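> Quick one, start_5.cif (mmCIF, C-alpha atoms):
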data_entry
loop_
_atom_site.label_atom_id
_atom_site.label_comp_id
_atom_site.auth_asym_id
_atom_site.auth_seq_id
_atom_site.Cartn_x
_atom_site.Cartn_y
_atom_site.Cartn_z
CA MET I 1 36.22 166.73 130.34
CA SER I 2 34.26 169.41 132.15
CA GLU I 3 30.72 170.71 132.09
CA ILE I 4 30.24 174.46 132.16
CA LEU I 5 27.40 176.83 132.92
CA THR I 6 25.93 179.00 130.18
CA HIS I 7 23.42 181.74 129.49
CA ARG I 8 20.49 180.41 127.48
CA ALA I 9 18.76 182.82 125.14
CA THR I 10 15.03 182.86 124.44
CA ALA I 11 13.67 182.18 120.98
CA GLN I 12 13.05 185.21 118.82
CA ASN I 13 10.09 183.75 116.93
CA GLU I 14 7.09 181.72 118.00
CA LYS I 15 7.43 177.98 117.50
CA THR I 16 5.35 175.95 115.12
CA PRO I 17 4.76 172.23 115.77
CA HIS I 18 7.38 171.39 113.13
CA ASP I 19 9.88 173.76 114.70
CA GLU I 20 9.18 172.36 118.17
CA LYS I 21 10.02 168.86 116.95
CA ASN I 22 13.25 170.02 115.31
CA THR I 23 14.76 172.24 117.98
CA THR I 24 15.96 169.51 120.32
CA SER I 25 17.06 166.80 117.86
CA GLY I 26 20.71 166.26 117.02
CA ARG I 27 23.80 167.83 118.53
CA ILE I 28 26.10 170.71 117.63
CA PHE I 29 29.87 170.98 118.12
CA PHE I 30 31.68 174.31 117.95
CA LEU I 31 35.03 175.96 118.71
CA ASP I 32 36.13 178.79 120.98
CA VAL I 33 39.35 180.13 119.49
CA ALA I 34 40.15 182.36 122.49
CA GLY I 35 39.92 179.55 125.04
CA GLY I 36 41.18 176.76 122.81
CA ARG I 37 37.99 174.80 123.49
CA VAL I 38 35.94 172.24 121.62
CA MET I 39 32.36 172.53 122.89
CA SER I 40 29.15 170.55 122.42
CA ALA I 41 25.45 171.11 123.05
CA ASN I 42 22.03 169.84 122.08
CA ALA I 43 20.61 171.51 119.00
CA ASP I 44 18.46 173.78 121.19
CA GLY I 45 21.49 174.98 123.17
CA SER I 46 20.88 172.82 126.23
CA ASP I 47 23.39 170.41 127.81
CA LEU I 48 26.39 172.59 126.97
CA LYS I 49 29.75 170.94 127.65
CA THR I 50 33.43 171.66 127.10
CA ILE I 51 34.83 168.38 125.80
CA ILE I 52 38.40 169.51 125.00
CA GLU I 53 40.44 172.42 126.34
CA GLU I 54 43.82 172.82 124.65
CA GLY I 55 44.85 176.40 125.46
CA ARG I 56 46.21 178.85 122.89
CA LYS I 57 46.32 176.66 119.80
CA LEU I 58 43.62 178.73 118.04
CA PRO I 59 41.11 176.10 116.82
CA ASP I 60 39.18 177.24 113.75
CA GLY I 61 37.66 174.54 111.50
CA LEU I 62 35.57 171.59 112.66
CA ALA I 63 34.01 168.53 111.02
CA VAL I 64 32.14 165.46 112.29
CA ASP I 65 32.54 161.90 110.99
CA SER I 66 29.30 160.44 112.35
CA ALA I 67 29.89 156.92 111.04
CA ALA I 68 33.28 156.60 112.76
CA GLY I 69 32.30 158.66 115.82
CA HIS I 70 35.10 161.18 115.31
CA LEU I 71 35.63 164.93 115.45
CA TYR I 72 38.31 166.60 113.33
CA TRP I 73 39.46 170.16 113.89
CA THR I 74 42.18 172.54 112.75
CA ASN I 75 44.52 174.51 115.02
CA MET I 76 45.91 177.66 113.46
CA GLY I 77 48.82 177.85 115.91
CA ASN I 78 51.15 180.84 115.79
CA LEU I 79 50.04 182.86 112.77
CA LYS I 80 53.63 183.87 111.96
CA GLU I 81 55.12 180.40 112.20
CA ASN I 82 54.63 177.23 110.22
CA ASN I 83 53.02 175.22 113.04
CA GLY I 84 49.37 174.72 112.13
CA SER I 85 47.94 171.25 112.78
CA ILE I 86 44.87 169.01 112.53
CA PHE I 87 43.61 166.76 115.33
CA ARG I 88 40.97 164.07 115.77
CA SER I 89 39.11 162.77 118.82
CA ASP I 90 36.09 160.70 119.72
CA LEU I 91 32.81 162.59 119.99
CA ASP I 92 33.26 162.87 123.75
CA GLY I 93 36.75 164.35 123.42
CA ARG I 94 38.64 161.21 124.34
CA ASN I 95 41.41 159.55 122.33
CA MET I 96 42.93 162.68 120.82
CA THR I 97 45.12 161.88 117.83
CA THR I 98 47.40 164.07 115.72
CA ILE I 99 46.34 163.81 112.08
CA VAL I 100 48.50 166.53 110.50
CA PRO I 101 51.38 167.45 112.84
CA PRO I 102 52.50 171.03 113.48
CA GLY I 103 54.19 172.32 110.35
CA GLY I 104 52.24 170.05 108.02
CA THR I 105 50.08 173.05 107.17
CA PHE I 106 50.62 176.72 107.94
CA THR I 107 47.35 178.26 109.21
CA PRO I 108 44.53 175.75 108.62
CA LYS I 109 41.02 177.22 108.61
CA GLN I 110 37.70 175.58 107.63
CA LEU I 111 37.79 171.78 107.39
CA GLN I 112 35.49 169.40 105.50
CA ILE I 113 35.22 165.61 105.33
CA GLU I 114 34.53 164.01 101.95
CA LYS I 115 33.24 160.61 103.03
CA THR I 116 33.04 158.75 99.73
CA THR I 117 36.76 159.14 99.07
CA GLY I 118 37.87 159.27 102.71
CA LYS I 119 39.50 162.68 102.39
CA LEU I 120 39.91 165.80 104.51
CA TYR I 121 39.85 169.15 102.70
CA TRP I 122 40.93 172.42 104.29
CA CYS I 123 42.09 175.93 103.51
CA ASP I 124 45.50 177.19 104.66
CA ARG I 125 45.17 180.96 105.15
CA GLU I 126 48.70 182.41 105.48
CA GLY I 127 49.88 179.36 103.58
CA MET I 128 47.78 180.59 100.63
CA ARG I 129 46.67 177.07 99.73
CA VAL I 130 43.76 174.68 99.44
CA MET I 131 44.88 171.28 100.77
CA ARG I 132 43.73 167.68 101.06
CA ALA I 133 44.78 164.49 102.88
CA ASN I 134 43.49 161.05 103.77
CA LEU I 135 41.46 160.84 106.98
CA ASP I 136 44.50 159.40 108.78
CA GLY I 137 46.64 162.37 107.67
CA SER I 138 48.59 160.53 105.00
CA GLN I 139 49.09 161.80 101.45
CA VAL I 140 48.91 165.52 102.23
CA GLU I 141 48.67 167.43 98.97
CA THR I 142 48.10 170.96 97.72
CA LEU I 143 45.21 171.47 95.31
CA VAL I 144 45.44 175.24 94.82
CA ASP I 145 48.41 177.54 95.46
CA THR I 146 47.48 181.25 95.36
CA SER I 147 50.89 182.53 96.51
CA GLN I 148 52.20 183.42 93.04
CA GLY I 149 55.63 182.54 94.39
CA GLU I 150 55.34 184.68 97.51
CA ALA I 151 57.00 183.31 100.66
CA ARG I 152 54.88 181.98 103.51
CA PRO I 153 53.41 183.40 105.68
CA GLY I 154 51.87 185.50 102.95
CA PRO I 155 51.01 189.08 103.98
CA ASP I 156 48.54 189.72 101.13
CA SER I 157 45.07 188.88 102.53
CA ARG I 158 43.61 188.79 99.01
CA LYS I 159 45.49 185.48 98.61
CA TRP I 160 44.28 184.02 101.92
CA CYS I 161 42.14 180.91 101.46
CA VAL I 162 39.62 180.53 104.31
CA GLY I 163 36.39 178.57 103.75
CA ILE I 164 35.94 175.34 101.81
CA VAL I 165 33.22 172.89 100.80
CA VAL I 166 33.22 169.88 98.47
CA ASP I 167 30.56 169.01 95.88
CA MET I 168 31.35 165.46 94.78
CA ALA I 169 28.15 165.22 92.72
CA GLY I 170 29.30 168.19 90.66
CA GLY I 171 32.97 167.19 90.74
CA LYS I 172 34.04 170.52 92.27
CA PHE I 173 35.31 172.09 95.46
CA TYR I 174 34.61 175.70 96.44
CA TRP I 175 36.67 178.06 98.57
CA SER I 176 36.66 181.65 99.78
CA GLN I 177 39.47 184.22 99.76
CA LYS I 178 38.46 186.86 102.25
CA GLY I 179 40.62 189.87 101.37
CA GLY I 180 41.34 192.65 103.84
CA ASP I 181 39.13 193.37 106.83
CA ASN I 182 35.94 195.03 105.57
CA ALA I 183 37.74 195.84 102.31
CA GLY I 184 35.18 194.48 99.85
CA GLU I 185 37.86 192.26 98.32
CA GLY I 186 36.26 188.91 99.17
CA ARG I 187 35.91 186.25 96.47
CA ILE I 188 34.49 182.75 96.07
CA PHE I 189 36.07 180.30 93.62
CA ARG I 190 35.64 176.72 92.49
CA ALA I 191 37.75 174.14 90.68
CA ASN I 192 37.61 170.50 89.66
CA ILE I 193 38.29 167.84 92.29
CA GLN I 194 41.33 166.67 90.34
CA ILE I 195 44.06 168.93 88.99
CA PRO I 196 44.01 168.82 85.17
CA ARG I 197 46.69 166.66 83.64
CA GLY I 198 49.94 168.53 83.06
CA GLN I 199 49.00 171.41 85.38
CA THR I 200 50.02 172.28 88.93
CA PRO I 201 48.32 173.80 92.00
CA ALA I 202 49.89 177.14 91.05
CA ASN I 203 48.99 177.23 87.35
CA ARG I 204 45.83 175.11 87.01
CA GLN I 205 43.47 176.60 84.42
CA ASP I 206 40.14 175.23 85.64
CA ILE I 207 39.59 177.77 88.44
CA GLU I 208 36.33 179.72 88.15
CA LEU I 209 35.57 182.98 89.95
CA LEU I 210 31.93 182.91 91.08
CA TYR I 211 31.70 186.06 93.20
CA ASP I 212 33.98 189.00 93.84
CA ASN I 213 33.81 192.31 95.73
CA LEU I 214 32.20 190.56 98.71
CA PRO I 215 32.70 192.16 102.15
CA GLU I 216 34.62 189.27 103.78
CA PRO I 217 33.37 185.71 103.03
CA ILE I 218 34.38 183.05 105.54
CA ASP I 219 32.92 179.52 105.90
CA LEU I 220 31.01 177.64 103.19
CA GLU I 221 28.39 174.87 103.08
CA ILE I 222 26.34 173.18 100.35
CA ASP I 223 22.73 171.99 100.34
CA ALA I 224 23.11 169.18 97.81
CA ALA I 225 19.34 168.63 97.48
CA THR I 226 18.71 172.15 96.18
CA ARG I 227 22.20 172.67 94.66
CA THR I 228 22.69 175.77 96.79
CA LEU I 229 25.83 177.32 98.26
CA TYR I 230 25.65 178.92 101.73
CA TRP I 231 28.31 181.09 103.35
CA THR I 232 29.00 183.46 106.23
CA ASP I 233 30.43 186.95 105.76
CA ARG I 234 32.10 188.80 108.65
CA GLY I 235 32.53 192.12 106.85
CA ASP I 236 30.65 195.36 107.41
CA PRO I 237 26.84 195.62 107.03
CA PRO I 238 24.63 195.71 105.11
CA ARG I 239 26.10 192.86 103.06
CA GLY I 240 28.49 191.73 105.77
CA ASN I 241 27.84 190.07 109.13
CA THR I 242 25.40 187.86 107.28
CA VAL I 243 24.59 184.37 106.05
CA ASN I 244 24.15 184.24 102.28
CA ARG I 245 23.07 181.71 99.69
CA ALA I 246 23.22 181.37 95.91
CA PRO I 247 22.65 178.62 93.31
CA LEU I 248 25.67 176.48 92.57
CA GLU I 249 24.96 176.67 88.87
CA ALA I 250 23.98 179.65 86.74
CA PRO I 251 24.25 180.24 82.99
CA SER I 252 27.28 182.29 82.00
CA GLY I 253 26.73 185.97 82.67
CA THR I 254 23.46 185.47 84.53
CA ARG I 255 24.65 184.85 88.09
CA LYS I 256 22.51 187.00 90.39
CA PRO I 257 23.68 188.69 93.60
CA PRO I 258 23.59 186.39 96.62
CA GLU I 259 20.50 186.28 98.83
CA ILE I 260 21.00 187.47 102.41
CA LEU I 261 19.23 185.10 104.81
CA PHE I 262 20.48 186.16 108.24
CA ASP I 263 21.94 189.50 109.32
CA HIS I 264 23.14 191.43 112.38
CA LEU I 265 25.79 188.86 113.26
CA MET I 266 28.77 190.05 115.27
CA GLU I 267 31.51 188.91 112.88
CA GLY I 268 29.86 185.79 111.49
CA ILE I 269 32.20 182.81 111.13
CA GLY I 270 30.84 179.25 111.23
CA VAL I 271 27.86 177.72 109.44
CA ALA I 272 26.56 174.13 109.46
CA LEU I 273 23.47 172.70 107.77
CA ASP I 274 20.98 170.15 109.10
CA HIS I 275 19.78 168.85 105.75
CA LYS I 276 17.04 166.57 107.07
CA GLY I 277 15.74 169.14 109.54
CA GLY I 278 15.87 172.00 107.06
CA ARG I 279 17.85 174.32 109.32
CA MET I 280 21.24 175.93 109.77
CA PHE I 281 23.47 176.71 112.74
CA ILE I 282 25.73 179.77 112.87
CA THR I 283 28.48 181.09 115.14
CA ASP I 284 29.91 184.56 115.47
CA PHE I 285 33.13 185.90 116.94
CA ALA I 286 31.23 187.67 119.73
CA GLY I 287 30.38 184.27 121.22
CA SER I 288 26.84 183.49 120.08
CA VAL I 289 25.31 180.41 118.46
CA TYR I 290 22.20 180.83 116.33
CA SER I 291 19.80 178.64 114.38
CA ALA I 292 17.33 179.32 111.58
CA ASN I 293 15.47 177.52 108.85
CA LEU I 294 17.38 177.24 105.59
CA ASP I 295 15.40 180.17 104.18
CA GLY I 296 16.39 182.34 107.15
CA SER I 297 13.04 182.16 108.93
CA ASN I 298 12.52 181.04 112.54
CA ARG I 299 15.69 182.76 113.71
CA ARG I 300 16.84 181.88 117.24
CA THR I 301 19.72 182.77 119.54
CA LEU I 302 20.68 179.51 121.24
CA LEU I 303 23.73 180.59 123.27
CA PHE I 304 25.68 183.78 123.91
CA GLY I 305 28.81 184.91 125.72
CA GLN I 306 30.73 181.71 124.95
CA GLY I 307 34.07 183.25 123.95
CA ASN I 308 35.24 183.89 120.39
CA LEU I 309 33.47 181.24 118.35
CA THR I 310 34.71 179.91 115.02
CA GLY I 311 33.81 176.59 113.33
CA ILE I 312 30.59 174.66 113.94
CA ALA I 313 29.36 171.20 112.90
CA TYR I 314 26.04 169.39 113.24
CA LEU I 315 25.58 165.72 114.16
CA GLU I 316 22.31 164.05 113.24
CA PRO I 317 20.59 161.98 115.95
CA PRO I 318 20.94 158.22 115.57
CA PRO I 319 18.06 156.48 113.80
CA THR I 320 15.18 155.24 115.94
CA PHE I 321 13.88 151.76 115.21
CA ILE I 322 10.31 150.88 116.16
CA THR I 323 9.37 147.22 116.41
CA ASP I 324 5.80 145.96 116.72
CA ILE I 325 5.54 143.75 119.80
CA PRO I 326 2.54 141.37 119.85
#
Written as structure tokens, that's how I'd like the structure from this file.

Amino acid sequence: MSEILTHRATAQNEKTPHDEKNTTSGRIFFLDVAGGRVMSANADGSDLKTIIEEGRKLPDGLAVDSAAGHLYWTNMGNLKENNGSIFRSDLDGRNMTTIVPPGGTFTPKQLQIEKTTGKLYWCDREGMRVMRANLDGSQVETLVDTSQGEARPGPDSRKWCVGIVVDMAGGKFYWSQKGGDNAGEGRIFRANIQIPRGQTPANRQDIELLYDNLPEPIDLEIDAATRTLYWTDRGDPPRGNTVNRAPLEAPSGTRKPPEILFDHLMEGIGVALDHKGGRMFITDFAGSVYSANLDGSNRRTLLFGQGNLTGIAYLEPPPTFITDIP
């Protein structure tokens, strides 16, 4: 475990008392795909550390299990070989454990933990799948197969599954298929948590297309309190290199275009929400970490020049107990 130096960026907006209270609470974890690093910092960008350095395994998706004190992350591996994997460690990087061994998934991307059922969900890009397993890596299963019988690794980027988020309250999971680079082929789908009886991952009939013709949607998150979907898009401006949001539910035929909250990213990738603090954290491939309120206000650059950043996760601070002492 090593501590590294960093450039700290100044805030772009003036702080309010509420913002001042929020900026330093909690901790963020994020990935550098170029350096094979798992990194950690305070929520204001201070106390930056490299907690794991694996080399060229291409880490991409990251999730935090705060109750168990664990990090989970995906390694894409060689994009032309079936050797993607998922690992777990303690929050300080110790006790690394293989959860899904190389070859158990092709090119795993964004990763989410569903705590009530004890499941990991992830997208397999060149594998053209949405997948799920127990937290210990057992019972790996495919939920959606977009290959249409095509051999893996699939060359058609319109079939590549990238971002994922789970809405247990609504009984759905959501995922993105990015399409070609800057091609305007990006789509966001959803389906029921369970495959309908008598159907398969390849022919299930409950898949809904929510958005199409997006620049290049990547990672997804949900604000359960407001029933809102958030996502990054790394495609060309003006709609790309952005953070977007849209209601989870809309009457048939009345779904409005997504709202752009944050722009001028340099290939936006990761997004994580601090639900209690009302803010989001964002990474881009140029190596910057940003924060903003959930409506896009109070935009800040926390870190820059940190490599090629991918997934990000937020860890709430532990509760503080105050006892009256006579």
> Find the residues around stretch 109-115 of chain I up to 6 Å (only C-alpha atoms counted), leave out those fewer than 3 positions away in its own chain, and share them as number ranges by chain.
I: 60-63, 118-124, 162-163
> When you count only C-alpha atoms, which of these residues is closest to I:Tyr174: I:Met96, I:Ala133, I:Ala68, I:Leu248?
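So, comparing all the options, the nearest one is I:Leu248.
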> Calculated over all atoms listed in the file, which of the candidates I:Val100, I:Gly186, I:Leu58, I:Thr200 has the smallest distance to I:Asn134?
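Looking at the shortest contact to I:Asn134, the residue is I:Val100.
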> With only C-alpha atoms as the counted atoms, please give the residues lying no more than 12 Å from stretch 221-227 of chain I, apart from itself and same-chain residues fewer than 3 positions off, as a PyMOL selection string.
chain I and resi 63+110-113+163-170+172-176+217-218+230-232+243-250+269-282+294-295+311-314
> Quick one, how far is atom CA of I:Ile195 from atom CA of I:Leu143?
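Answer for the atom CA of I:Ile195 to atom CA of I:Leu143 separation: 6.9 Å.
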> Nearest to I:Asn182 among I:Thr117, I:Thr228, I:Ser85, I:Ser157, with distances taken over only C-alpha atoms: which residue is it?
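Distance minimum relative to I:Asn182 lands on I:Ser157.
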> The PyMOL selection byres ((chain I and resi 290) around 8) on the file shown: which residues, as number ranges by chain?
I: 281-283, 288-289, 291-292, 299-303
> Can you tell me which residues surround I:Val33 at a distance of at most 8 Å, considering only C-alpha atoms, apart from same-chain residues fewer than 6 positions away, and format the answer as a PyMOL selection string?
chain I and resi 56-60+307-310
> Near I:Gly149, within 12 Å and counting only C-alpha atoms, which residues show up once chain neighbours fewer than 6 positions away are dropped, as an MDAnalysis selection string?
chainID I and resid 127:129 159 201:203
> What separation in Å, quoted to one decimal, exists between atom CA of I:Met266 and atom CA of I:Asp156?
24.3 Å
> Please indicate the distance in Å from atom CA of I:Gly84 to atom CA of I:Ile99, rounded to one decimal place.
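Between these atoms lies a distance of 11.3 Å.
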> May I ask which of the residues I:Gln205, I:Ser89, I:Thr254, I:Thr242 is the closest one to I:Asp219, counting all atoms listed in the file?
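With all atoms listed in the file as the atom set, the closest residue is I:Thr242.
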> Of the candidates I:Leu229, I:Ile188, I:Ala34, I:Cys161, which shows the shortest atom-to-atom distance to I:Glu54, using only C-alpha atoms?
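For I:Glu54, the nearest of the candidates is I:Ala34.
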> If you count all atoms listed in the file, which residues fall within 12 Å of I:Glu126, apart from same-chain ones fewer than 6 positions away, as a ChimeraX atom specification?
/I:76-84,105-109,145-147,150-162,177-179
> Would you mind exporting the chosen residues as a tab-separated table (two decimals), in the frame of the given file, restricted to C-alpha atoms?

chain	number	residue	atom	x	y	z
I	76	MET	CA	45.91	177.66	113.46
I	77	GLY	CA	48.82	177.85	115.91
I	78	ASN	CA	51.15	180.84	115.79
I	79	LEU	CA	50.04	182.86	112.77
I	80	LYS	CA	53.63	183.87	111.96
I	81	GLU	CA	55.12	180.40	112.20
I	82	ASN	CA	54.63	177.23	110.22
I	83	ASN	CA	53.02	175.22	113.04
I	84	GLY	CA	49.37	174.72	112.13
I	105	THR	CA	50.08	173.05	107.17
I	106	PHE	CA	50.62	176.72	107.94
I	107	THR	CA	47.35	178.26	109.21
I	108	PRO	CA	44.53	175.75	108.62
I	109	LYS	CA	41.02	177.22	108.61
I	145	ASP	CA	48.41	177.54	95.46
I	146	THR	CA	47.48	181.25	95.36
I	147	SER	CA	50.89	182.53	96.51
I	150	GLU	CA	55.34	184.68	97.51
I	151	ALA	CA	57.00	183.31	100.66
I	152	ARG	CA	54.88	181.98	103.51
I	153	PRO	CA	53.41	183.40	105.68
I	154	GLY	CA	51.87	185.50	102.95
I	155	PRO	CA	51.01	189.08	103.98
I	156	ASP	CA	48.54	189.72	101.13
I	157	SER	CA	45.07	188.88	102.53
I	158	ARG	CA	43.61	188.79	99.01
I	159	LYS	CA	45.49	185.48	98.61
I	160	TRP	CA	44.28	184.02	101.92
I	161	CYS	CA	42.14	180.91	101.46
I	162	VAL	CA	39.62	180.53	104.31
I	177	GLN	CA	39.47	184.22	99.76
I	178	LYS	CA	38.46	186.86	102.25
I	179	GLY	CA	40.62	189.87	101.37
> I need the residue set behind the PyMOL selection byres ((chain I and resi 264) around 6) for this file; please write it as a ChimeraX atom specification.
/I:241,263,265
> Since I can't run it myself right now, could you work out what the PyMOL selection byres ((chain I and resi 316) around 8) selects here and report it as a list of chain:residue names?
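Evaluating the PyMOL selection byres ((chain I and resi 316) around 8) on this file yields I:Ser25, I:Gly26, I:Arg27, I:Ser66, I:Asp274, I:Tyr314, I:Leu315, I:Pro317, I:Pro318.
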> Restricting the calculation to all atoms listed in the file, which member of I:Asp44, I:Glu53, I:Asp212, I:Asp90 is positioned closest to I:Pro257?
I:Asp212
